[in-house]
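Asker: Structure file final38.txt (compact mmCIF, C-alpha atoms and all ligand atoms) right here:
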```txt
# COMPACT_ATOMS: atom_id res chain seq x y z
CA MET A 1 8.55 8.84 20.86
CA LYS A 2 5.82 6.51 21.99
CA THR A 3 2.36 7.77 21.05
CA ALA A 4 -0.79 6.30 22.55
CA VAL A 5 -4.43 6.97 21.68
CA VAL A 6 -7.47 7.45 23.89
CA ILE A 7 -10.77 7.06 22.06
CA VAL A 8 -13.61 8.48 24.12
CA ALA A 9 -16.68 6.31 23.57
CA ALA A 10 -18.42 6.65 26.93
CA GLY A 11 -21.27 8.83 25.69
CA ARG A 12 -24.75 7.37 25.93
CA GLY A 13 -26.36 10.04 23.78
CA THR A 14 -28.97 8.95 21.28
CA ARG A 15 -29.48 12.33 19.57
CA ALA A 16 -28.42 10.57 16.39
CA GLY A 17 -31.51 8.36 16.63
CA GLY A 18 -31.70 4.62 17.08
CA PRO A 19 -32.01 2.44 20.18
CA ILE A 20 -28.28 2.29 20.96
CA ALA A 21 -25.64 4.97 21.34
CA LYS A 22 -24.32 6.26 18.02
CA GLN A 23 -20.83 4.78 18.40
CA TRP A 24 -22.25 1.25 18.29
CA GLN A 25 -24.55 1.88 15.33
CA ALA A 26 -23.43 0.69 11.91
CA VAL A 27 -22.25 3.00 9.18
CA ALA A 28 -21.00 1.67 5.84
CA GLY A 29 -21.30 -1.88 7.16
CA ARG A 30 -19.65 -1.73 10.57
CA PRO A 31 -19.99 0.07 13.88
CA VAL A 32 -18.86 3.69 14.04
CA ALA A 33 -16.43 2.76 16.82
CA LEU A 34 -14.59 0.26 14.60
CA TRP A 35 -14.24 2.78 11.78
CA THR A 36 -12.81 5.26 14.27
CA LEU A 37 -10.42 2.65 15.64
CA SER A 38 -9.27 1.82 12.09
CA LYS A 39 -8.08 5.41 11.63
CA PHE A 40 -5.56 4.89 14.43
CA SER A 41 -4.34 1.45 13.41
CA ARG A 42 -0.77 2.71 13.02
CA PHE A 43 -0.53 3.40 16.76
CA SER A 44 0.35 0.38 18.85
CA GLN A 45 -1.40 1.40 22.08
CA VAL A 46 -5.08 2.33 21.97
CA VAL A 47 -7.41 2.73 24.94
CA VAL A 48 -11.15 2.95 24.36
CA VAL A 49 -13.15 4.44 27.19
CA VAL A 50 -16.73 3.16 27.42
CA SER A 51 -19.52 3.55 29.95
CA ALA A 52 -19.99 0.79 32.51
CA PRO A 53 -23.27 -0.52 30.98
CA ASP A 54 -21.57 -0.73 27.55
CA LEU A 55 -18.46 -2.62 28.71
CA GLU A 56 -19.67 -6.11 27.88
CA PHE A 57 -21.18 -5.09 24.55
CA ALA A 58 -18.05 -3.14 23.64
CA SER A 59 -15.86 -6.16 24.38
CA GLN A 60 -17.83 -8.05 21.71
CA VAL A 61 -17.57 -5.17 19.21
CA PHE A 62 -13.79 -4.96 19.71
CA ALA A 63 -13.21 -8.72 19.88
CA GLY A 64 -10.07 -9.55 17.93
CA HIS A 65 -8.82 -5.94 17.99
CA ASP A 66 -5.77 -4.95 20.00
CA VAL A 67 -7.40 -2.35 22.25
CA GLN A 68 -7.70 -1.88 25.99
CA LEU A 69 -11.24 -1.17 27.21
CA VAL A 70 -11.48 1.17 30.18
CA GLN A 71 -14.57 2.09 32.15
CA GLY A 72 -15.45 5.77 31.87
CA GLY A 73 -16.54 8.25 34.50
CA ALA A 74 -19.49 10.52 35.20
CA ASP A 75 -18.63 13.04 32.49
CA ARG A 76 -16.33 13.40 29.51
CA ALA A 77 -13.42 14.77 31.56
CA ALA A 78 -13.68 11.90 34.02
CA SER A 79 -13.72 9.42 31.14
CA VAL A 80 -10.64 10.95 29.52
CA ARG A 81 -8.88 10.90 32.85
CA ALA A 82 -9.71 7.21 33.28
CA GLY A 83 -8.15 6.55 29.88
CA LEU A 84 -5.02 8.54 30.75
CA GLU A 85 -4.67 6.78 34.11
CA ALA A 86 -4.87 3.41 32.32
CA LEU A 87 -2.01 4.48 30.06
CA ALA A 88 0.01 5.71 33.05
CA ASP A 89 -0.41 2.27 34.62
CA THR A 90 0.89 0.41 31.57
CA ALA A 91 3.57 -2.15 32.44
CA SER A 92 5.72 -1.00 29.52
CA GLY A 93 5.63 2.56 30.87
CA ALA A 94 3.58 5.62 30.12
CA PRO A 95 3.65 6.99 26.55
CA ASP A 96 5.43 10.21 25.58
CA LEU A 97 2.49 11.57 23.62
CA VAL A 98 -1.24 10.94 23.64
CA LEU A 99 -3.97 11.65 21.10
CA ILE A 100 -7.47 12.03 22.55
CA HIS A 101 -10.21 11.47 19.99
CA ASP A 102 -14.00 11.47 19.96
CA VAL A 103 -15.39 8.12 18.84
CA ALA A 104 -18.06 9.97 16.84
CA ARG A 105 -15.46 11.24 14.35
CA PRO A 106 -14.88 8.09 12.27
CA CYS A 107 -13.84 9.90 9.07
CA VAL A 108 -10.79 11.73 10.41
CA PRO A 109 -8.26 12.00 7.57
CA ASP A 110 -4.71 10.73 8.11
CA ALA A 111 -3.43 14.22 7.29
CA VAL A 112 -5.24 15.69 10.29
CA ILE A 113 -3.74 13.08 12.64
CA ASP A 114 -0.29 13.62 11.09
CA GLY A 115 -0.61 17.37 11.55
CA VAL A 116 -1.41 17.02 15.24
CA VAL A 117 1.49 14.62 15.87
CA ALA A 118 3.94 16.82 13.95
CA ALA A 119 2.94 19.94 15.90
CA LEU A 120 3.76 18.18 19.17
CA ASP A 121 7.46 18.47 18.25
CA ALA A 122 7.29 22.15 19.04
CA SER A 123 4.28 22.48 21.34
CA PRO A 124 3.07 20.67 24.47
CA ALA A 125 -0.40 20.46 22.94
CA ALA A 126 -1.95 20.70 19.48
CA ALA A 127 -5.48 20.37 18.13
CA PRO A 128 -7.16 20.55 14.71
CA ALA A 129 -9.68 23.25 13.97
CA ILE A 130 -11.37 25.05 11.08
CA ALA A 131 -11.73 28.81 11.01
CA VAL A 132 -15.39 29.87 11.08
CA THR A 133 -16.39 31.26 7.69
CA ASP A 134 -20.17 31.49 8.08
CA ALA A 135 -21.70 34.61 9.55
CA LEU A 136 -22.61 34.14 13.21
CA TRP A 137 -25.96 35.20 14.64
CA THR A 138 -27.64 35.09 17.93
CA GLY A 139 -31.31 34.24 17.85
CA ALA A 140 -34.35 33.72 20.02
CA ASP A 141 -37.93 32.64 19.34
CA GLY A 142 -37.13 31.97 15.68
CA LYS A 143 -35.74 35.45 15.04
CA VAL A 144 -32.26 36.83 14.61
CA THR A 145 -31.39 39.00 17.57
CA GLY A 146 -27.89 40.01 16.68
CA THR A 147 -24.67 39.19 14.85
CA ARG A 148 -21.28 38.25 16.22
CA ASP A 149 -17.85 38.93 14.84
CA ARG A 150 -16.39 35.62 13.62
CA THR A 151 -12.82 36.94 13.51
CA GLY A 152 -10.53 34.56 15.36
CA LEU A 153 -13.22 31.94 15.93
CA PHE A 154 -12.54 28.26 15.21
CA ARG A 155 -14.56 25.06 15.16
CA ALA A 156 -12.65 22.59 17.30
CA GLN A 157 -12.07 19.00 16.21
CA THR A 158 -10.22 15.97 17.50
CA PRO A 159 -7.80 14.22 17.88
CA GLN A 160 -6.32 16.66 20.34
CA GLY A 161 -2.70 15.81 21.01
CA PHE A 162 -0.63 16.31 24.12
CA HIS A 163 2.65 15.50 25.76
CA PHE A 164 1.46 12.79 28.10
CA ALA A 165 2.83 13.82 31.51
CA PRO A 166 1.55 17.43 31.46
CA ILE A 167 -1.97 16.52 30.24
CA LEU A 168 -2.26 13.77 32.86
CA ALA A 169 -1.18 16.25 35.55
CA ALA A 170 -3.62 18.84 34.17
CA HIS A 171 -6.53 16.38 34.32
CA ARG A 172 -5.61 15.27 37.85
CA THR A 173 -5.78 18.82 39.15
CA HIS A 174 -8.61 20.24 37.03
CA PRO A 175 -11.69 21.30 39.01
CA GLY A 176 -14.04 20.02 36.27
CA GLY A 177 -16.46 21.57 33.83
CA ALA A 178 -14.05 21.83 30.88
CA ALA A 179 -15.54 21.70 27.36
CA ASP A 180 -12.68 19.57 26.08
CA ASP A 181 -9.09 18.57 26.71
CA VAL A 182 -7.79 21.74 25.13
CA GLN A 183 -9.48 23.71 27.88
CA VAL A 184 -8.02 21.40 30.51
CA ALA A 185 -4.56 21.96 29.00
CA ARG A 186 -4.95 25.72 28.78
CA ASP A 187 -6.25 25.96 32.34
CA ALA A 188 -2.96 24.28 33.34
CA GLY A 189 -1.00 26.89 31.41
CA LEU A 190 -0.12 24.72 28.38
CA ASP A 191 0.11 26.36 24.96
CA VAL A 192 -2.14 24.66 22.40
CA ALA A 193 -1.16 24.92 18.73
CA ILE A 194 -3.93 25.05 16.13
CA VAL A 195 -3.36 22.72 13.18
CA PRO A 196 -5.55 22.34 10.07
CA GLY A 197 -8.76 20.39 10.62
CA SER A 198 -10.88 18.98 7.82
CA GLU A 199 -14.51 19.22 6.76
CA GLN A 200 -14.33 15.42 6.34
CA ASN A 201 -13.68 15.10 10.06
CA LEU A 202 -17.36 15.41 10.88
CA LYS A 203 -18.78 14.54 14.27
CA ILE A 204 -21.76 12.21 13.93
CA THR A 205 -24.52 13.94 15.83
CA THR A 206 -27.78 13.72 13.88
CA PRO A 207 -29.27 10.92 11.72
CA GLU A 208 -28.24 12.84 8.57
CA ASP A 209 -24.62 12.64 9.69
CA PHE A 210 -24.67 8.84 9.23
CA ALA A 211 -25.38 9.27 5.53
CA ARG A 212 -22.58 11.83 5.19
CA ALA A 213 -20.17 9.56 7.03
CA ALA A 214 -21.17 6.55 4.92
CA LYS A 215 -20.36 8.48 1.74
CA LEU A 216 -16.90 9.28 3.07
CA LEU A 217 -16.18 5.78 4.40
CA GLU A 218 -17.55 3.57 1.64
CA PRO A 219 -14.96 2.63 -0.94
CA ASP A 220 -15.72 3.71 -4.48
CA MET A 221 -17.79 1.20 -6.38
CA ASP A 222 -15.70 -1.16 -8.50
CA VAL A 223 -17.13 -1.27 -12.04
CA ARG A 224 -15.66 -3.62 -14.64
CA LEU A 225 -16.27 -4.08 -18.36
CA GLY A 226 -15.43 -7.13 -20.40
CA ASN A 227 -15.77 -7.96 -24.06
CA GLY A 228 -16.07 -11.25 -25.87
CA PHE A 229 -15.84 -12.26 -29.52
CA ASP A 230 -16.49 -15.64 -31.11
CA VAL A 231 -16.89 -17.22 -34.53
CA HIS A 232 -18.22 -20.60 -35.57
CA ALA A 233 -18.31 -21.96 -39.13
CA PHE A 234 -21.31 -23.58 -40.75
CA GLU A 235 -21.46 -27.31 -41.48
CA PRO A 236 -24.29 -29.42 -42.86
CA GLY A 237 -27.32 -29.55 -40.59
CA ASP A 238 -30.85 -28.26 -40.04
CA HIS A 239 -30.58 -25.88 -37.06
CA VAL A 240 -28.28 -23.66 -35.05
CA VAL A 241 -28.27 -22.87 -31.31
CA LEU A 242 -27.98 -19.13 -30.65
CA CYS A 243 -28.08 -17.68 -27.12
CA GLY A 244 -29.63 -20.90 -25.85
CA VAL A 245 -32.42 -21.03 -28.44
CA LYS A 246 -32.69 -23.65 -31.18
CA VAL A 247 -33.26 -21.84 -34.50
CA PRO A 248 -34.15 -23.82 -37.66
CA HIS A 249 -31.66 -23.19 -40.47
CA THR A 250 -30.27 -24.75 -43.63
CA ALA A 251 -26.95 -25.39 -41.87
CA ALA A 252 -25.58 -26.10 -38.41
CA LEU A 253 -22.68 -24.50 -36.56
CA LYS A 254 -19.52 -26.52 -36.18
CA GLY A 255 -17.83 -26.69 -32.83
CA HIS A 256 -16.55 -28.83 -30.01
CA SER A 257 -19.58 -27.95 -27.83
CA ASP A 258 -23.03 -27.03 -29.12
CA ALA A 259 -21.29 -24.11 -30.92
CA ASP A 260 -23.58 -21.45 -29.39
CA VAL A 261 -21.56 -18.54 -30.69
CA GLY A 262 -23.63 -15.88 -28.87
CA MET A 263 -23.48 -17.58 -25.49
CA HIS A 264 -19.74 -18.08 -25.92
CA ALA A 265 -19.22 -14.37 -26.60
CA VAL A 266 -21.24 -13.40 -23.50
CA THR A 267 -19.36 -15.95 -21.39
CA ASP A 268 -16.02 -14.59 -22.58
CA ALA A 269 -17.18 -11.03 -21.82
CA ILE A 270 -17.81 -12.03 -18.20
CA TYR A 271 -14.47 -13.84 -17.94
CA GLY A 272 -12.88 -10.79 -19.53
CA ALA A 273 -14.37 -8.40 -16.96
CA LEU A 274 -12.92 -10.64 -14.25
CA ALA A 275 -9.54 -10.88 -16.03
CA GLU A 276 -10.10 -14.64 -15.96
CA GLY A 277 -9.12 -15.57 -19.50
CA ASP A 278 -11.73 -17.21 -21.70
CA ILE A 279 -13.83 -20.35 -22.10
CA GLY A 280 -10.88 -22.29 -23.49
CA ARG A 281 -8.94 -21.74 -20.27
CA HIS A 282 -11.71 -23.05 -18.03
CA PHE A 283 -13.04 -25.74 -20.40
CA PRO A 284 -10.13 -26.90 -22.61
CA PRO A 285 -11.35 -28.13 -26.04
CA SER A 286 -8.79 -30.93 -25.66
CA ASP A 287 -10.92 -32.37 -22.85
CA PRO A 288 -13.41 -34.86 -24.38
CA GLN A 289 -15.95 -34.33 -21.60
CA TRP A 290 -16.97 -30.98 -23.17
CA LYS A 291 -17.69 -32.54 -26.60
CA GLY A 292 -21.21 -31.54 -27.59
CA ALA A 293 -21.63 -29.81 -24.23
CA ASP A 294 -24.53 -27.47 -23.61
CA SER A 295 -22.93 -24.02 -23.51
CA GLN A 296 -25.05 -23.16 -20.45
CA ILE A 297 -22.37 -24.98 -18.45
CA PHE A 298 -19.80 -22.38 -19.50
CA LEU A 299 -22.06 -19.39 -18.91
CA ARG A 300 -23.17 -20.64 -15.51
CA HIS A 301 -19.53 -21.13 -14.53
CA ALA A 302 -18.63 -17.55 -15.50
CA VAL A 303 -21.64 -16.19 -13.57
CA GLU A 304 -20.71 -18.22 -10.50
CA LEU A 305 -17.10 -17.08 -10.73
CA ALA A 306 -18.25 -13.45 -10.83
CA ALA A 307 -20.44 -14.00 -7.76
CA ALA A 308 -17.62 -15.76 -5.92
CA LYS A 309 -15.41 -12.73 -6.52
CA GLY A 310 -18.10 -10.42 -5.17
CA TYR A 311 -19.32 -9.00 -8.48
CA ALA A 312 -22.90 -8.61 -9.62
CA ILE A 313 -23.57 -8.61 -13.35
CA SER A 314 -25.24 -5.33 -14.19
CA ASN A 315 -25.96 -6.05 -17.85
CA VAL A 316 -24.78 -7.97 -20.90
CA ASP A 317 -25.20 -6.99 -24.54
CA CYS A 318 -24.66 -9.43 -27.39
CA THR A 319 -24.60 -8.76 -31.14
CA LEU A 320 -24.93 -11.69 -33.55
CA ILE A 321 -23.47 -11.07 -37.01
CA CYS A 322 -24.97 -13.12 -39.83
CA GLU A 323 -27.05 -12.83 -43.03
CA ARG A 324 -29.21 -15.80 -42.04
CA PRO A 325 -31.00 -17.13 -40.07
CA LYS A 326 -33.06 -14.07 -39.16
CA VAL A 327 -32.51 -13.44 -35.43
CA GLY A 328 -35.26 -10.86 -34.85
CA PRO A 329 -38.15 -13.32 -34.44
CA HIS A 330 -36.14 -15.25 -31.80
CA ALA A 331 -34.48 -12.34 -29.94
CA ALA A 332 -37.06 -12.16 -27.15
CA ALA A 333 -36.75 -15.89 -26.46
CA MET A 334 -32.94 -15.56 -26.45
CA MET A 335 -33.01 -12.72 -23.91
CA GLU A 336 -35.45 -14.70 -21.76
CA LYS A 337 -33.26 -17.80 -21.89
CA MET A 338 -30.01 -15.94 -21.21
CA SER A 339 -31.46 -13.94 -18.30
CA ASP A 340 -32.80 -17.16 -16.82
CA ILE A 341 -29.41 -18.87 -16.97
CA MET A 342 -27.64 -15.85 -15.48
CA GLY A 343 -30.24 -15.14 -12.80
CA LEU A 344 -30.81 -11.64 -14.18
CA ARG A 345 -33.88 -9.67 -15.10
CA VAL A 346 -34.77 -9.77 -18.78
CA ASP A 347 -34.07 -6.04 -19.07
CA GLN A 348 -30.45 -6.65 -18.05
CA VAL A 349 -29.84 -8.81 -21.12
CA SER A 350 -29.72 -7.59 -24.70
CA VAL A 351 -29.46 -9.76 -27.82
CA LYS A 352 -29.50 -8.06 -31.19
CA ALA A 353 -28.28 -8.88 -34.67
CA THR A 354 -26.79 -7.30 -37.72
CA THR A 355 -25.66 -8.43 -41.15
CA SER A 356 -22.29 -7.54 -42.57
CA GLU A 357 -23.84 -6.31 -45.82
CA LYS A 358 -22.82 -9.53 -47.58
CA LEU A 359 -19.16 -8.69 -46.95
CA GLY A 360 -16.60 -11.05 -45.47
CA PHE A 361 -17.12 -14.57 -44.16
CA THR A 362 -20.41 -13.76 -42.49
CA GLY A 363 -21.58 -12.04 -45.67
CA ARG A 364 -20.68 -15.15 -47.69
CA GLU A 365 -22.62 -17.19 -45.11
CA GLU A 366 -19.64 -19.28 -44.13
CA GLY A 367 -20.38 -18.87 -40.43
CA ILE A 368 -21.71 -16.64 -37.64
CA ALA A 369 -19.76 -14.16 -35.51
CA ALA A 370 -20.85 -12.74 -32.18
CA LEU A 371 -19.52 -10.01 -29.95
CA ALA A 372 -20.61 -9.19 -26.43
CA THR A 373 -20.05 -6.76 -23.60
CA ALA A 374 -20.63 -7.36 -19.89
CA THR A 375 -20.70 -4.87 -17.02
CA LEU A 376 -19.88 -6.16 -13.55
CA VAL A 377 -20.13 -4.15 -10.34
CA LYS A 378 -18.83 -4.78 -6.86
CA PRO A 379 -20.89 -2.63 -4.51
MG MG B 1 -17.02 -20.67 -29.38
```
Let's see the structure in the file written out as structure tokens.
Ligand code: MG

Answerer:
Amino acid sequence: MKTAVVIVAAGRGTRAGGPIAKQWQAVAGRPVALWTLSKFSRFSQVVVVVSAPDLEFASQVFAGHDVQLVQGGADRAASVRAGLEALADTASGAPDLVLIHDVARPCVPDAVIDGVVAALDASPAAAPAIAVTDALWTGADGKVTGTRDRTGLFRAQTPQGFHFAPILAAHRTHPGGAADDVQVARDAGLDVAIVPGSEQNLKITTPEDFARAAKLLEPDMDVRLGNGFDVHAFEPGDHVVLCGVKVPHTAALKGHSDADVGMHAVTDAIYGALAEGDIGRHFPPSDPQWKGADSQIFLRHAVELAAAKGYAISNVDCTLICERPKVGPHAAAMMEKMSDIMGLRVDQVSVKATTSEKLGFTGREEGIAALATATLVKP
């Protein structure tokens, strides 16, 4: 069975606000019409019906997409008919089935589309709908004037699906004035099956609907955590470099680079969040060019790698473990320096310290250990 799709995008309504019709406005980073098209990507033949003044603009919006643009008519029914006639004219032959969908429903779930297509096995027409559950009132001048029985009432959605030949014939002979294609089908005597709709399948009508649609269309934020741990031993000297700050001490830290144990831990935390190994993988200690290197080079590389992969660093937290030197008096300078290197605000960077209660190698003052955590987010 060959199934084609007609997306009706000929409306010029601006009830949703904005200077251009709602289907061309952006939601979650791209035009509504492209989101809607993406929901039907599994169907090989898609016709989009647009109004004459929108034709040129629409051809830019759909550039690179395999769709046929068709000029719409004076009203919705005329536009749908234009889409159906274009399908009937196709060189490869008319389709067996057609789905007719409102462009302003960009969040339609796959399950709704599947339900419509499946129902066409047994019915010449099928459409999704949701039974009305709210009480129904009539009202005038701001007052309730009556209630209506909601039994048997449904809120209609799209895509509405049809066997192609009968719906084309129904449109060709319809006198006009139909609310939708279901009415056109029923006026021609076709049975229309009701299949489950979805609350997600909202029709963008008001400005608030854009925010609701964006929530449904935007992928969940990608949040990553990484940890880093590093140790450097003491050797004779008169200062250490910790988180980019030179701190006077009775020893130095031994290492291939400047042995900035804190900056190394933070750098490894960022690599870790990216699943990109560690400093040693990107800057092999066997390579003499990194001898005595300023560890900023490593940290900047990790930050750039994160940015290149689309991640923003949300925060880093580093704990230095040593009995001496005292870190507290230098912590503010360390956070300032680290935030500067990473292009972050100072309040996104934490440097703190602890002793190990004179236990272990840090307690015996044989060296300094550091551990760090980094949070990366891809919006
Ligand atoms: Mg190291």

Asker: Could you give me, as a count of residues only, the residues that sit within 6 Å of (-22.3, -13.4, -28.9) in the file's coordinates, counting only C-alpha atoms?

Answerer: 11

Asker: Counting only C-alpha atoms and all ligand atoms, which residues of chain A fall within 6 Å of ligand MG 1 (chain B), and what is the closest atom pair for each with its distance in Å at one decimal, ordered by chain and rising number, as CSV?

Answerer:
```
residue,atom,partner,partner_atom,distance
A:Asp230,CA,B:MG1,MG,5.3
A:Ala259,CA,B:MG1,MG,5.7
A:Val261,CA,B:MG1,MG,5.2
A:His264,CA,B:MG1,MG,5.1
```

Asker: List the neighbours of range 163-167 of chain A out to 12 Å using all atoms listed in the file; skip same-chain residues closer than 2 positions along the sequence, and give me the result as a PyMOL selection string.

Answerer: chain A and resi 1-6+77+80-81+83-85+87-88+93-100+116-126+160-161+169-174+180-192

Asker: A:Val377, A:Ala312, A:Val50, A:Ala127: which is nearest Gly73 in chain A, counting all atoms listed in the file?

Answerer: A:Val50

Asker: Please identify every residue of range 220-334 of chain A that has at least one atom no farther than 8 Å from an atom of range 362-368 of chain A, counting all atoms listed in the file, and for each give the shortest atom pair and the distance in Å to one decimal, arranged by chain then increasing number, as a tab-separated table.

Answerer:
```
residue	atom	partner	partner_atom	distance
A:Val231	CA	A:Ile368	CA	5.8
A:His232	CA	A:Gly367	CA	5.6
A:Ala233	CA	A:Gly367	CA	3.9
A:Phe234	CA	A:Gly367	CA	4.8
A:Leu253	CA	A:Gly367	CA	7.2
A:Val261	CA	A:Ile368	CA	7.2
A:Leu320	CA	A:Ile368	CA	7.2
A:Ile321	CA	A:Ile368	CA	5.9
A:Cys322	CA	A:Ile368	CA	5.3
A:Glu323	CA	A:Gly363	CA	6.1
A:Arg324	CA	A:Glu365	CA	7.4
```

Asker: Using all atoms listed in the file, list the residues that have an atom at most 6 Å from (-29.0, -28.8, -41.7), coordinates as in the file, as a ChimeraX atom specification.

Answerer: /A:236-239,250-252

Asker: Residues within 10 Å of Asp222 in chain A, please, as an MDAnalysis selection string. Count all atoms listed in the file; anything in the same chain fewer than 3 positions from it doesn't count.

Answerer: chainID A and resid 219 311 376:379

Asker: Looking at A:Thr267, A:Gln200, A:Ser314, A:Thr373, which one is nearest to Val108 in chain A, with distances taken over only C-alpha atoms?

Answerer: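 Closest to Val108 in chain A, using only C-alpha atoms: A:Gln200.
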
Asker: Of the residues A:Val351, A:Ala104, A:Leu69, A:Ala82, which is the one nearest to Val327 in chain A, using all atoms listed in the file?

Answerer: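 Among the listed residues, A:Val351 lies closest to Val327 in chain A.
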
Asker: Please provide the set of residues having any atom within 9 Å of Val61 in chain A, restricted to only C-alpha atoms, with same-chain residues fewer than 5 positions apart removed, written as number ranges by chain.

Answerer: A: 24, 31, 33-34, 56

Asker: Hey, can you check how far CA of Pro128 in chain A sits from CA of Arg12 in chain A?

Answerer: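 Interatomic distance, CA of Pro128 in chain A to CA of Arg12 in chain A: 24.7 Å.
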
Asker: Could you state the separation of CA of Ala58 in chain A and CA of Thr36 in chain A in Å, given to one decimal place?

Answerer: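 CA of Thr36 in chain A lies at a distance of 13.6 Å from CA of Ala58 in chain A.
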
Asker: For His249 in chain A, which residue among A:Gly197, A:Pro175, A:Gly310, A:Pro325 is the nearest when counting all atoms listed in the file?

Answerer: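 Using all atoms listed in the file, His249 in chain A sits closest to A:Pro325.
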
Asker: Using only C-alpha atoms, which of the listed residues (A:Arg300, A:Lys246, A:His256, A:Arg42) sits closest to Asp268 in chain A?

Answerer: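 The closest residue to Asp268 in chain A is A:Arg300.
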
Asker: CA of Glu208 in chain A and CA of Ser41 in chain A, how far apart in Å?

Answerer: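 These two atoms are separated by 26.9 Å.
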
Asker: Excluding Val32 in chain A and any residue of its chain fewer than 5 positions from it, enumerate the residues within 8 Å of it, using only C-alpha atoms, and give them as a list of chain:residue names.

Answerer: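 Near Val32 in chain A, the qualifying residues are A:Lys22, A:Gln23, A:Trp24, A:Gln25, A:Ala26, A:Val27, A:Val103, A:Ala104, A:Pro106.
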
Asker: Could you pull the residues within 10 Å of Gln71 in chain A, counting all atoms listed in the file, minus those fewer than 5 positions along the same chain, as JSON, numbers by chain?

Answerer: {"A": [9, 10, 48, 49, 50, 51, 52, 53, 54, 55, 79, 82, 83, 86]}

Asker: With N, CA, C and O atoms as the goal, would you fill in the gaps in range 211-222 of chain A and present it as a PDB file, in the coordinates of the input?

Answerer:
```
ATOM      1  N   ALA A 211     -25.448   9.356   6.986  1.00  0.00           N
ATOM      2  CA  ALA A 211     -25.380   9.270   5.530  1.00  0.00           C
ATOM      3  C   ALA A 211     -24.128   9.979   5.008  1.00  0.00           C
ATOM      4  O   ALA A 211     -23.448   9.487   4.109  1.00  0.00           O
ATOM      5  N   ARG A 212     -23.799  11.115   5.613  1.00  0.00           N
ATOM      6  CA  ARG A 212     -22.580  11.830   5.190  1.00  0.00           C
ATOM      7  C   ARG A 212     -21.346  10.988   5.485  1.00  0.00           C
ATOM      8  O   ARG A 212     -20.434  10.885   4.657  1.00  0.00           O
ATOM      9  N   ALA A 213     -21.324  10.379   6.651  1.00  0.00           N
ATOM     10  CA  ALA A 213     -20.170   9.560   7.030  1.00  0.00           C
ATOM     11  C   ALA A 213     -20.056   8.348   6.114  1.00  0.00           C
ATOM     12  O   ALA A 213     -18.956   7.977   5.684  1.00  0.00           O
ATOM     13  N   ALA A 214     -21.200   7.740   5.779  1.00  0.00           N
ATOM     14  CA  ALA A 214     -21.170   6.550   4.920  1.00  0.00           C
ATOM     15  C   ALA A 214     -20.558   6.887   3.577  1.00  0.00           C
ATOM     16  O   ALA A 214     -19.758   6.132   3.026  1.00  0.00           O
ATOM     17  N   LYS A 215     -20.915   8.061   3.040  1.00  0.00           N
ATOM     18  CA  LYS A 215     -20.360   8.480   1.740  1.00  0.00           C
ATOM     19  C   LYS A 215     -18.842   8.602   1.805  1.00  0.00           C
ATOM     20  O   LYS A 215     -18.137   8.287   0.856  1.00  0.00           O
ATOM     21  N   LEU A 216     -18.343   9.083   2.938  1.00  0.00           N
ATOM     22  CA  LEU A 216     -16.900   9.280   3.070  1.00  0.00           C
ATOM     23  C   LEU A 216     -16.169   7.960   3.320  1.00  0.00           C
ATOM     24  O   LEU A 216     -15.014   7.801   2.939  1.00  0.00           O
ATOM     25  N   LEU A 217     -16.863   7.013   3.986  1.00  0.00           N
ATOM     26  CA  LEU A 217     -16.180   5.780   4.400  1.00  0.00           C
ATOM     27  C   LEU A 217     -16.277   4.674   3.359  1.00  0.00           C
ATOM     28  O   LEU A 217     -15.382   3.835   3.266  1.00  0.00           O
ATOM     29  N   GLU A 218     -17.367   4.656   2.585  1.00  0.00           N
ATOM     30  CA  GLU A 218     -17.550   3.570   1.640  1.00  0.00           C
ATOM     31  C   GLU A 218     -16.539   3.677   0.511  1.00  0.00           C
ATOM     32  O   GLU A 218     -16.346   4.740  -0.061  1.00  0.00           O
ATOM     33  N   PRO A 219     -15.891   2.578   0.183  1.00  0.00           N
ATOM     34  CA  PRO A 219     -14.960   2.630  -0.940  1.00  0.00           C
ATOM     35  C   PRO A 219     -15.738   2.881  -2.228  1.00  0.00           C
ATOM     36  O   PRO A 219     -16.913   2.565  -2.315  1.00  0.00           O
ATOM     37  N   ASP A 220     -15.060   3.469  -3.201  1.00  0.00           N
ATOM     38  CA  ASP A 220     -15.720   3.710  -4.480  1.00  0.00           C
ATOM     39  C   ASP A 220     -16.133   2.390  -5.099  1.00  0.00           C
ATOM     40  O   ASP A 220     -15.448   1.386  -4.986  1.00  0.00           O
ATOM     41  N   MET A 221     -17.291   2.408  -5.748  1.00  0.00           N
ATOM     42  CA  MET A 221     -17.790   1.200  -6.380  1.00  0.00           C
ATOM     43  C   MET A 221     -16.817   0.729  -7.481  1.00  0.00           C
ATOM     44  O   MET A 221     -16.283   1.533  -8.230  1.00  0.00           O
ATOM     45  N   ASP A 222     -16.604  -0.564  -7.509  1.00  0.00           N
ATOM     46  CA  ASP A 222     -15.700  -1.160  -8.500  1.00  0.00           C
ATOM     47  C   ASP A 222     -16.548  -1.600  -9.704  1.00  0.00           C
ATOM     48  O   ASP A 222     -17.384  -2.478  -9.575  1.00  0.00           O
TER      49      ASP A 222
END
```
